[in-house]
Structures are given as C-alpha cells and as structure tokens.
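Below is one structure; the comments refer to it alone.
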Amino acid sequence: MANSLHLPRNSHYSIRNTQLVSLRSHLAPTSLIPIGLDIVRAEGCYLYDKVGKKYLDLISGISVSNLGHGYPKITEAIKHQVDQHLHLMVWGEYVQAPQVVFAKNLIAQLPNSLDCVYFTNSGTEATEGAMKLAKRVTGRHEIIGCFNAYHGSSQGALSIAGDEWLKNAFRPLIPGTRQIRYNHIADLEYITQHTAAVFIEPIQGEAGALVPGNGYLAALRKKCNETGTLLVFDEIQTGFGRTGKLFCFQHSGVVPDILMLGKALGGGMPLGAFIANQDLMNSLAHDPVLGHITTFGGHPVSCAAGNAALEVLLESDLIEKVAEKEASFHRQLIHKKIMAIHGQGLLLAIEVADFEEVQQTIKYCLGLGLVTDWFLFNTHCIRLAPPLTISEEEIAWACETIKKALDSF
Ligand SMILES: Cc1ncc(COP(=O)(O)O)c(C=O)c1O
C-alpha cells in the first residue's frame, strides 16, 4: 500500500511494471507499482509463490500476521465457527458467542476504564466509529491528529491523517480537523476546550516507526484531562505484542479514553474495534438510536479467529521474546549504509540514505526471497515487521540478506 504514494518520485519504476498492471486488469489498482508476488500458500513465516519459490515474510501483511501464517489454533477456531454459523444479524441485536467471548477476553487485558468493545470490519471503520463517538460524547466537533499519522483511507480517517499530499485530491474533507506535530510538547497548546478528541499512535507507524520521547504521551494525557478532550490511541498497527507488550500504551502507562484496534486483532481475518468506557459507548444507542451501525462488524468467524490468536499470545512466551528478537536485529544489522534503526519491538525501520536505496534494497531482497516494504510517510526507511514467531535463524538470514542487498549497489 505504501507504494502508490511514492509513485511521483519514482516514475521510471512504474513503467517497468506496466506489464504486471495489465495482468491485473480486472482488479482495481492502488498503484502502478504493486509488489506483484503471486502467492498460493503461506505457512509460518513463509509465503510460497506458484513456482514454489519461498519468501521469508518480514512485514506480516503490514502487521497483521503476528503469529505467522496458518497458525493451527487459529485455523481450527475458524473451521469450528464456520460449522456453527456465519453472519446472523447486524451488530448489536443478537447475542453472538464469538463476539461476547472475544470482547470479554480483550477487556480482561485492559484497564477498568476500557470495558466496552465495538467491533468493526477494519481499522478505518474503528477510526470512523471513534471519531463519531468523540463528537457525540463531547458535543464538540474539532478533532486533532498528527502530521505523518495514518488512521485509514475513508474521508473521516483521511481528515485526521497527517499528509497533505495523500489528502488533497479528496477535499473537502471533514471541517474542524487539524494536525499537530508528533512528539512536540509545544504543540499541545492547540488542544483546547473546543477539542473533542486527539487521535494518536503510541508509536507512529507510517512515519517510520517513530517512538515518542519520554513523557510526551503523559503530557498529552494531562492536557486532554485539563481540556475535557478525549484521548484516542490508534493501536491498529502497534497492538497484539508487536512492540513487546500486548498493547503499546502499556510501555508508557498512559491510558487512553478510546483504544482502536485492527490488523492483528482478527488473527488474519478482517476485524477492527474501538474500545471505551461503557458510559461513553451507551451514547451511541440513543439520540439518535442506532448512532453507529454495521452489518458485518464483529463477524463471528473473525471474532473466533481473533480470540484464538489472543489466547495464543497470552499462553505463549512470544511477547516476552520480542525484546530479544529486536536486539538480534540491532546486533546483526550493522552496515555502513544503515544510518539508524528506529522503532520498538518488532516494528522497526532501517534508515538508509534515500528512497532510491530503500527501493533497491527491497527489490534485491525480494529477488533473494525476503519480503520487506517501505512506509507511507518516510522515504528513507525500510519496514521490518515480521511475525512474532520468527526464529533467531530466520532473523540471522534476513539480516545477512539485507546486508547483501546493501552491498549490491
Ligand atoms: C495506524 C493505522 N491506523 C489505521 C489503519 C487503517 O486500517 P485498515 O487498513 O484496516 O482500515 C492502518 C492501516 O494501515 C494503520 O496502520
């Protein structure tokens, strides 16, 4: 998905790939430069294409497959639920056991103030629901996001996203939205009694895995408390162990009023959620009734899969091992062309000189059977977000391959 945004900086690359695009003539493109892998099977940390070539997956479908591909407990839960029932009714009307069980298990891992789950189909829809909830609860309409933030591709989510180039062709967007600089305490002054909510990622994913400085999130929390503004954490990319805790906000101890989840939430099935206090959530049920509705949100098969994935994360030592695996990447990714490694846990960004080097590295790695990617809003970094199940041997091979790629130009 990152690819399209870099197209104007990179037009020669698109021309080489026009053949590929014509192969996809019945599927809407998002860019002229899709990766174009033709994958027929995936297992563990590997993807297999139709000629049998295998690829080590260092991006997990953009932070989705945190347990790798085809994790048996997840596929069993899916099969079991398929045999029970698929869709029964729109959200909120029937008691559907997979939704109830999963919500209960999620809430058990969260502070008391986050005790009510609204499941959606996607991360973007979690953003939409959370934006509406913030407006409904506060009676205010100003919503603040951060520069270089990504919260989804719908018009609401784009309104609070922080990249003008991505948004401009779709204006007018939602009025009353504005951006502040991530990690700049000075900009907290823009949060006022008029602000309904601040949407923020506890690590900014598409900016290149940008970790906020000590005390920033706490200062933001304080300012939100002072102004009666809701603090919304987007953990769609950072959740479910990716940064070394089940949820990234647990590193700082700063608790949001609304937590948004997606990606790994569904264990590989489509699912999103926004989670808040029951009192806040109740406001969506009156004035107007049906204040937020969805047909498929919280699909029973997705909830069954997500619940199985959560159980695996909680029962295993995978999250505990994330810091060691992060350290292995740091130890082994030493190369004169690597200027820095950003991020936390297994959400990492390798910084090189420029976008040309990013592209060349990604392309070379792909040739050798290693999938990496770039970021939407950072032209100097290569994305690493492997399944948490990646082994030390696989990390060693991945690092060697990346260094070979860097040596190749
Ligand atoms: C931080 C963040 N928020 C929201 C979204 C949107 O999620 P989805 O693509 O499931 O709608 C993404 C997707 O990349 C994301 O990274």
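By order of appearance in the structure tokens: chains A, B, ..., then residues from 1 within every chain, and ligands from 1 in the order shown.
For Phe249 of chain A, the set of protein, DNA and RNA residues having any atom at most 10 Å away, when counting only C-alpha atoms and skipping those fewer than 6 positions along the same chain, is A:Glu201, A:Pro202, A:Ile203, A:Leu217, A:Phe233, A:Asp234, A:Glu235, A:Thr238, A:Gly239, A:Thr243, A:Val255, A:Pro256, A:Leu259.
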Produce a file of the selected residues containing N, CA, C and O atoms, as a CSV table (one decimal), in the first residue's frame.
```
chain,number,residue,atom,x,y,z
A,201,GLU,N,-1.1,7.7,17.5
A,201,GLU,CA,-0.5,6.3,17.6
A,201,GLU,C,0.6,6.4,18.7
A,201,GLU,O,1.5,7.3,18.6
A,202,PRO,N,0.6,5.4,19.6
A,202,PRO,CA,1.7,5.5,20.6
A,202,PRO,C,3.1,5.2,20.0
A,202,PRO,O,4.1,5.6,20.7
A,203,ILE,N,3.1,4.6,18.9
A,203,ILE,CA,4.3,4.6,18.0
A,203,ILE,C,3.8,4.9,16.6
A,203,ILE,O,2.9,4.2,16.2
A,217,LEU,N,3.6,11.3,25.9
A,217,LEU,CA,2.2,10.8,26.0
A,217,LEU,C,1.6,11.2,27.3
A,217,LEU,O,0.4,11.5,27.4
A,233,PHE,N,-6.1,6.4,21.3
A,233,PHE,CA,-4.9,5.7,20.9
A,233,PHE,C,-5.2,4.8,19.7
A,233,PHE,O,-6.1,3.9,19.9
A,234,ASP,N,-4.5,5.0,18.6
A,234,ASP,CA,-4.6,4.1,17.5
A,234,ASP,C,-3.6,3.0,17.6
A,234,ASP,O,-2.4,3.3,17.3
A,235,GLU,N,-4.0,1.8,18.0
A,235,GLU,CA,-3.1,0.7,18.2
A,235,GLU,C,-3.3,-0.3,17.1
A,235,GLU,O,-3.1,-1.5,17.3
A,238,THR,N,0.2,-1.2,16.2
A,238,THR,CA,1.1,-1.5,17.3
A,238,THR,C,0.6,-2.5,18.3
A,238,THR,O,1.4,-3.0,19.2
A,239,GLY,N,-0.6,-2.9,18.2
A,239,GLY,CA,-1.2,-3.8,19.1
A,239,GLY,C,-0.8,-5.3,19.0
A,239,GLY,O,-0.1,-5.6,18.1
A,243,THR,N,5.1,-4.5,19.7
A,243,THR,CA,6.2,-3.7,20.3
A,243,THR,C,6.8,-4.2,21.6
A,243,THR,O,7.5,-3.6,22.2
A,255,VAL,N,-3.1,5.7,29.7
A,255,VAL,CA,-4.3,5.0,29.3
A,255,VAL,C,-5.2,6.0,28.5
A,255,VAL,O,-5.5,7.1,29.0
A,256,PRO,N,-5.6,5.6,27.3
A,256,PRO,CA,-6.4,6.4,26.5
A,256,PRO,C,-7.9,6.3,27.0
A,256,PRO,O,-8.3,5.4,27.7
A,259,LEU,N,-9.6,3.2,22.7
A,259,LEU,CA,-8.5,2.4,22.1
A,259,LEU,C,-9.0,1.9,20.8
A,259,LEU,O,-10.0,1.2,20.8
```
Return as an MDAnalysis selection string every polymer residue, whether protein, DNA or RNA, with at least one atom no more than 9 Å from an atom of ligand 1; count only C-alpha atoms and all ligand atoms. chainID A and resid 1 62:63 121:127 149:154 157 200:201 203:206 234:238 260:263 270:272
Would you tabulate, counting only C-alpha atoms, all residues of segment 192-307 of chain A that have an atom at most 9 Å from an atom of segment 109-112 of chain A, showing the closest pair of atoms and their distance in Å to one decimal, sorted by chain then ascending number, as a tab-separated table?
```
residue	atom	partner	partner_atom	distance
A:Leu246	CA	A:Gln109	CA	8.3
A:Phe247	CA	A:Leu110	CA	8.9
A:Val255	CA	A:Pro111	CA	7.6
A:Asn277	CA	A:Asn112	CA	8.2
```
Each residue of segment 95-203 of chain A with at least one atom at most 10 Å from segment 364-388 of chain A should appear once, together with its nearest atom pair and the corresponding distance in Å (one decimal); atoms considered: only C-alpha atoms; ordering: chain, then increasing residue number; output as JSON lines.
```
{"residue": "A:Phe147", "atom": "CA", "partner": "A:Phe377", "partner_atom": "CA", "distance": 9.5}
{"residue": "A:Asn148", "atom": "CA", "partner": "A:Phe377", "partner_atom": "CA", "distance": 6.0}
{"residue": "A:Ala149", "atom": "CA", "partner": "A:Phe377", "partner_atom": "CA", "distance": 8.3}
{"residue": "A:Tyr150", "atom": "CA", "partner": "A:Leu376", "partner_atom": "CA", "distance": 8.4}
{"residue": "A:Gly162", "atom": "CA", "partner": "A:Phe377", "partner_atom": "CA", "distance": 9.0}
{"residue": "A:Asp163", "atom": "CA", "partner": "A:Phe377", "partner_atom": "CA", "distance": 7.5}
{"residue": "A:Leu166", "atom": "CA", "partner": "A:Leu376", "partner_atom": "CA", "distance": 9.4}
```
Any chance you can output those residues with N, CA, C and O atoms as an mmCIF file, in the first residue's frame?
```cif
data_model
loop_
_atom_site.group_PDB
_atom_site.id
_atom_site.type_symbol
_atom_site.label_atom_id
_atom_site.label_comp_id
_atom_site.auth_asym_id
_atom_site.auth_seq_id
_atom_site.Cartn_x
_atom_site.Cartn_y
_atom_site.Cartn_z
ATOM 1 N N PHE A 147 0.685 15.210 12.263
ATOM 2 C CA PHE A 147 1.358 15.132 10.964
ATOM 3 C C PHE A 147 1.992 13.746 10.840
ATOM 4 O O PHE A 147 2.488 13.176 11.826
ATOM 5 N N ASN A 148 1.951 13.220 9.652
ATOM 6 C CA ASN A 148 2.508 11.894 9.326
ATOM 7 C C ASN A 148 1.767 10.738 9.990
ATOM 8 O O ASN A 148 2.289 9.629 10.059
ATOM 9 N N ALA A 149 0.557 11.009 10.466
ATOM 10 C CA ALA A 149 -0.251 9.917 11.034
ATOM 11 C C ALA A 149 -1.084 9.279 9.930
ATOM 12 O O ALA A 149 -1.465 9.953 8.967
ATOM 13 N N TYR A 150 -1.375 8.006 10.099
ATOM 14 C CA TYR A 150 -2.311 7.322 9.211
ATOM 15 C C TYR A 150 -3.335 6.605 10.069
ATOM 16 O O TYR A 150 -2.965 5.834 10.964
ATOM 17 N N GLY A 162 -2.147 12.794 8.520
ATOM 18 C CA GLY A 162 -1.225 13.926 8.512
ATOM 19 C C GLY A 162 -0.366 14.046 7.281
ATOM 20 O O GLY A 162 0.815 14.338 7.394
ATOM 21 N N ASP A 163 -0.924 13.840 6.118
ATOM 22 C CA ASP A 163 -0.107 14.009 4.913
ATOM 23 C C ASP A 163 -0.946 14.683 3.840
ATOM 24 O O ASP A 163 -1.861 14.079 3.281
ATOM 25 N N LEU A 166 -1.471 13.083 0.386
ATOM 26 C CA LEU A 166 -2.416 11.963 0.345
ATOM 27 C C LEU A 166 -3.865 12.441 0.353
ATOM 28 O O LEU A 166 -4.744 11.817 -0.221
#
```
Between A:Pro212, A:Val254, A:Glu311, A:Phe355, which is the closest to Gly343 of chain A once you count only C-alpha atoms?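 So, comparing all the options, the nearest one is A:Pro212.
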Apply DSSP to the backbone of this structure and, from segment 49-291 of chain A, keep only the residues in helix (DSSP H, G or I); write these as a PyMOL selection string. chain A and resi 60-63+72-84+97-107+123-138+155-160+164-170+185-190+216-227+249-252+263-266+278-285
